[in-house]
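Presented below is the structure to which this report refers.
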Amino acid sequence: MNKSNNVNDRIYQYCKDIKLPTIRECFKEQINDAVIRDINYEAFLAELLQKEWDARRQTAQANRIRRAKFPYKKYLEDLSVQDLPEDAQKKYKQLRTLQFIQEGRNLILAGNPGTGKTHTAIGLGIKACEEGYSVWFTTVPLLINYMKECRSERTLRAFQTRFKKYDLVILDEMGYISFDKEGAELLFTHLSLRAGQKSTLITTNLSFERWGEIFQDPVMTAAMIDRLTHQAYLVNMNGNSYRMKETKAWMEQQQIG
């Protein structure tokens with residue numbers, strides 16, 4: 001008994017020192033289970049290592065999701081695909097493969113408010129995190145304000161380095177607020193850093209012919225549209241309000257009204 005305890009203590013300490021927390025916590029239970037099932041050493045070791053690998057994978061996924069700064073969690077599995085606009089329904093299967101990220105191509109979800117653009121964007125972002133991609137979510141107004149702060153604090157170069165390395169940047173709410181010349185120039189410059197190399201997902205409530213309303217510069221507007229849409233995936237999100245359908249379903253579930 002003492003010898004067994006001594007061996008267990010050594011295993012525990014080794015796991016602690018070389019940072020194998022899952023094995024450290026479960027090895028005794030796994031040993032007992034292996035004895036009962038009478039499995040060989042190779043199978044026992046493989047199962048023990050798989051537990052550690054699974055735990056680390058889950059932790060890494062959780063960390064990527066946390067660092068992505070999603071405003072809330074929305075999963076593709078929670079998306080009512082049949083209630084999305086027709087074009088989104090047709091392209092849904094292709095989008096969820098994340099092929100656009102593998103190819104470094106942009107994805108633009110354009111349509112009227114409430115049709116599921118942000119839910120779709122967050123769902124794709126979380127799936128990307130789960131599959132090992134680095135993701136960052138922000139709104140266009142927040143991004144522009146942040147870039148202006150970086151410029152004034154002389155940290156813009158460091159931000160540029162981080163910004164262009166993300167596998168996927170999600171820019172929500174393009175078109176809800178117009179911005180000045182400085183903001184437009186900063187946005188154009190930073191999106192150009194990613195063009196043709198990394199994916200940017202943009203949600204917008206404005207058709208491209210109305211982007212001049214937010215950039216207020218026809219030359220820059222044309223250049224921005226050309227840069228963002230080149231070989232991009234474009235999804236028409238015009239349709240009935242997806243959000244209203246969700247609210248109605250929730251009210252019915254709560255037996256309200």
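Note on naming: chains are A, B, ... as they come in the structure tokens, residues start from 1 per chain, ligands start from 1 in the order shown.
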Exercise for the section: Please provide as a PyMOL selection string all residues within 9 Å of stretch 17-26 of chain A, with the sequence filter that same-chain residues fewer than 5 positions apart are discarded (counting only C-alpha atoms). Expected result: chain A and resi 11-12+31+48-49+51-53+55-56
Exercise for the section: Determine, counting only C-alpha atoms, which protein, DNA and RNA residues have an atom within 12 Å of an atom of A:Glu173; residues of the same chain fewer than 2 positions away are not included. Present the result as a PyMOL selection string. Expected result: chain A and resi 108-114+117-118+121+137-143+170-171+175-178+201-206+214
Expected file contents, prior selection, N, CA and C atoms, as a PDB file, in the first residue's frame:
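Contents of result02.pdb, as written:
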ATOM      1  N   ILE A 108     -19.130  39.208 -47.394  1.00  0.00           N
ATOM      2  CA  ILE A 108     -19.942  40.383 -47.097  1.00  0.00           C
ATOM      3  C   ILE A 108     -21.405  39.979 -47.023  1.00  0.00           C
ATOM      4  N   LEU A 109     -22.010  40.224 -45.855  1.00  0.00           N
ATOM      5  CA  LEU A 109     -23.429  39.959 -45.637  1.00  0.00           C
ATOM      6  C   LEU A 109     -24.145  41.300 -45.694  1.00  0.00           C
ATOM      7  N   ALA A 110     -24.886  41.542 -46.773  1.00  0.00           N
ATOM      8  CA  ALA A 110     -25.511  42.848 -46.983  1.00  0.00           C
ATOM      9  C   ALA A 110     -27.019  42.717 -47.069  1.00  0.00           C
ATOM     10  N   GLY A 111     -27.727  43.521 -46.258  1.00  0.00           N
ATOM     11  CA  GLY A 111     -29.187  43.481 -46.299  1.00  0.00           C
ATOM     12  C   GLY A 111     -29.810  44.321 -45.215  1.00  0.00           C
ATOM     13  N   ASN A 112     -31.127  44.376 -45.230  1.00  0.00           N
ATOM     14  CA  ASN A 112     -31.839  45.214 -44.274  1.00  0.00           C
ATOM     15  C   ASN A 112     -31.697  44.682 -42.847  1.00  0.00           C
ATOM     16  N   PRO A 113     -31.923  45.529 -41.861  1.00  0.00           N
ATOM     17  CA  PRO A 113     -31.731  45.134 -40.456  1.00  0.00           C
ATOM     18  C   PRO A 113     -32.622  43.959 -40.048  1.00  0.00           C
ATOM     19  N   GLY A 114     -32.106  43.164 -39.108  1.00  0.00           N
ATOM     20  CA  GLY A 114     -32.890  42.108 -38.489  1.00  0.00           C
ATOM     21  C   GLY A 114     -32.988  40.812 -39.252  1.00  0.00           C
ATOM     22  N   LYS A 117     -27.841  38.804 -39.984  1.00  0.00           N
ATOM     23  CA  LYS A 117     -26.455  39.037 -40.412  1.00  0.00           C
ATOM     24  C   LYS A 117     -25.474  38.838 -39.252  1.00  0.00           C
ATOM     25  N   THR A 118     -25.741  39.490 -38.131  1.00  0.00           N
ATOM     26  CA  THR A 118     -24.809  39.409 -37.004  1.00  0.00           C
ATOM     27  C   THR A 118     -24.778  38.007 -36.410  1.00  0.00           C
ATOM     28  N   ALA A 121     -22.706  35.953 -38.673  1.00  0.00           N
ATOM     29  CA  ALA A 121     -21.295  36.331 -38.568  1.00  0.00           C
ATOM     30  C   ALA A 121     -20.666  35.769 -37.301  1.00  0.00           C
ATOM     31  N   PHE A 137     -13.608  40.132 -33.387  1.00  0.00           N
ATOM     32  CA  PHE A 137     -14.890  40.739 -33.712  1.00  0.00           C
ATOM     33  C   PHE A 137     -14.930  42.166 -33.184  1.00  0.00           C
ATOM     34  N   THR A 138     -15.441  43.091 -34.002  1.00  0.00           N
ATOM     35  CA  THR A 138     -15.687  44.453 -33.541  1.00  0.00           C
ATOM     36  C   THR A 138     -16.712  45.085 -34.468  1.00  0.00           C
ATOM     37  N   THR A 139     -17.245  46.215 -34.063  1.00  0.00           N
ATOM     38  CA  THR A 139     -18.100  46.983 -34.958  1.00  0.00           C
ATOM     39  C   THR A 139     -17.225  48.000 -35.687  1.00  0.00           C
ATOM     40  N   VAL A 140     -17.686  48.449 -36.836  1.00  0.00           N
ATOM     41  CA  VAL A 140     -16.915  49.427 -37.598  1.00  0.00           C
ATOM     42  C   VAL A 140     -16.721  50.728 -36.815  1.00  0.00           C
ATOM     43  N   PRO A 141     -17.778  51.270 -36.172  1.00  0.00           N
ATOM     44  CA  PRO A 141     -17.563  52.501 -35.391  1.00  0.00           C
ATOM     45  C   PRO A 141     -16.536  52.331 -34.273  1.00  0.00           C
ATOM     46  N   LEU A 142     -16.584  51.212 -33.560  1.00  0.00           N
ATOM     47  CA  LEU A 142     -15.613  50.977 -32.488  1.00  0.00           C
ATOM     48  C   LEU A 142     -14.203  50.838 -33.044  1.00  0.00           C
ATOM     49  N   LEU A 143     -14.077  50.181 -34.176  1.00  0.00           N
ATOM     50  CA  LEU A 143     -12.762  50.005 -34.795  1.00  0.00           C
ATOM     51  C   LEU A 143     -12.153  51.358 -35.160  1.00  0.00           C
ATOM     52  N   ILE A 170     -14.051  40.160 -38.108  1.00  0.00           N
ATOM     53  CA  ILE A 170     -15.472  40.398 -38.340  1.00  0.00           C
ATOM     54  C   ILE A 170     -15.773  41.854 -38.012  1.00  0.00           C
ATOM     55  N   LEU A 171     -16.231  42.595 -39.015  1.00  0.00           N
ATOM     56  CA  LEU A 171     -16.591  44.001 -38.840  1.00  0.00           C
ATOM     57  C   LEU A 171     -18.102  44.127 -38.972  1.00  0.00           C
ATOM     58  N   GLY A 175     -22.139  50.981 -42.019  1.00  0.00           N
ATOM     59  CA  GLY A 175     -23.210  51.763 -42.603  1.00  0.00           C
ATOM     60  C   GLY A 175     -24.180  52.363 -41.613  1.00  0.00           C
ATOM     61  N   TYR A 176     -24.111  51.929 -40.352  1.00  0.00           N
ATOM     62  CA  TYR A 176     -25.031  52.491 -39.360  1.00  0.00           C
ATOM     63  C   TYR A 176     -24.630  53.918 -38.979  1.00  0.00           C
ATOM     64  N   ILE A 177     -23.335  54.202 -39.030  1.00  0.00           N
ATOM     65  CA  ILE A 177     -22.836  55.529 -38.685  1.00  0.00           C
ATOM     66  C   ILE A 177     -21.819  55.955 -39.743  1.00  0.00           C
ATOM     67  N   SER A 178     -21.961  57.181 -40.247  1.00  0.00           N
ATOM     68  CA  SER A 178     -20.972  57.693 -41.187  1.00  0.00           C
ATOM     69  C   SER A 178     -19.758  58.185 -40.407  1.00  0.00           C
ATOM     70  N   LEU A 201     -14.869  39.594 -42.675  1.00  0.00           N
ATOM     71  CA  LEU A 201     -16.311  39.406 -42.807  1.00  0.00           C
ATOM     72  C   LEU A 201     -16.981  40.718 -42.408  1.00  0.00           C
ATOM     73  N   ILE A 202     -17.789  41.263 -43.306  1.00  0.00           N
ATOM     74  CA  ILE A 202     -18.446  42.543 -43.060  1.00  0.00           C
ATOM     75  C   ILE A 202     -19.953  42.371 -43.123  1.00  0.00           C
ATOM     76  N   THR A 203     -20.643  42.916 -42.133  1.00  0.00           N
ATOM     77  CA  THR A 203     -22.102  42.994 -42.210  1.00  0.00           C
ATOM     78  C   THR A 203     -22.473  44.444 -42.455  1.00  0.00           C
ATOM     79  N   THR A 204     -23.415  44.653 -43.360  1.00  0.00           N
ATOM     80  CA  THR A 204     -23.827  46.019 -43.691  1.00  0.00           C
ATOM     81  C   THR A 204     -25.308  46.056 -44.021  1.00  0.00           C
ATOM     82  N   ASN A 205     -25.941  47.153 -43.654  1.00  0.00           N
ATOM     83  CA  ASN A 205     -27.356  47.343 -43.974  1.00  0.00           C
ATOM     84  C   ASN A 205     -27.546  48.183 -45.237  1.00  0.00           C
ATOM     85  N   LEU A 206     -26.426  48.579 -45.854  1.00  0.00           N
ATOM     86  CA  LEU A 206     -26.490  49.411 -47.047  1.00  0.00           C
ATOM     87  C   LEU A 206     -26.013  48.652 -48.278  1.00  0.00           C
ATOM     88  N   ILE A 214     -21.574  56.893 -46.244  1.00  0.00           N
ATOM     89  CA  ILE A 214     -20.768  56.757 -45.023  1.00  0.00           C
ATOM     90  C   ILE A 214     -19.323  57.194 -45.249  1.00  0.00           C
TER      91      ILE A 214
END
Handout entry: Separation of atom CA of A:His230 from atom CA of A:Asn106 in Å
Key =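 We find that atom CA of A:Asn106 and atom CA of A:His230 lie 8.2 Å from each other.
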Problem - Shortest interatomic distance to A:Thr115 - which of A:Thr155, A:Gln89, A:Asn40, A:Asn5, counting only C-alpha atoms - result: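 Closest to A:Thr115 of all the choices is A:Gln89.
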Problem - Secondary structure check, strand (DSSP E) residues of stretch 33-176 of chain A, as a list of chain:residue names - result: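 Answer for stretch 33-176 of chain A restricted to strand (DSSP E) is A:Leu107, A:Ile108, A:Leu109, A:Ala110, A:Val135, A:Trp136, A:Phe137, A:Thr138, A:Thr139, A:Leu168, A:Val169, A:Ile170, A:Leu171, A:Asp172, A:Glu173, A:Met174.
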Practice task
Using only C-alpha atoms, pick whichever of A:Phe27, A:Phe188, A:Tyr75, A:Tyr166 has the shortest atom-to-atom distance to A:Val219.
Solution key: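 Selected residue with least distance to A:Val219: A:Phe188.
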Practice task
For A:Ala195, list every protein, DNA or RNA residue within 8 Å, evaluated using only C-alpha atoms, and leave out those in the same chain fewer than 6 positions away; present the list as a PyMOL selection string.
Solution key: chain A and resi 105+227-228
Which residues are close to A:Ala34, i.e. within 10 Å by only C-alpha atoms, leaving aside same-chain residues fewer than 5 positions away? Reply as a PDB file with C-alpha atoms, in the first residue's frame.
ATOM      1  CA  LYS A  28      -5.909   6.945 -10.588  1.00  0.00           C
ATOM      2  CA  GLU A  29      -9.408   6.519 -11.970  1.00  0.00           C
ATOM      3  CA  ILE A  39      -6.568  -3.411 -21.511  1.00  0.00           C
ATOM      4  CA  ASN A  40      -2.922  -3.437 -22.583  1.00  0.00           C
ATOM      5  CA  TYR A  41      -0.371  -0.754 -21.774  1.00  0.00           C
ATOM      6  CA  ALA A  43      -4.315   1.295 -25.060  1.00  0.00           C
ATOM      7  CA  PHE A  44      -4.097   2.647 -21.502  1.00  0.00           C
ATOM      8  CA  LEU A  45      -1.432   5.176 -22.455  1.00  0.00           C
ATOM      9  CA  GLU A  47      -6.540   6.830 -23.628  1.00  0.00           C
TER      10      GLU A  47
END
Practice task
Using only C-alpha atoms, find the one residue out of A:Glu103, A:Glu131, A:Asp83, A:Asp78 that sits nearest to A:Ser241.
Solution key: A:Asp83
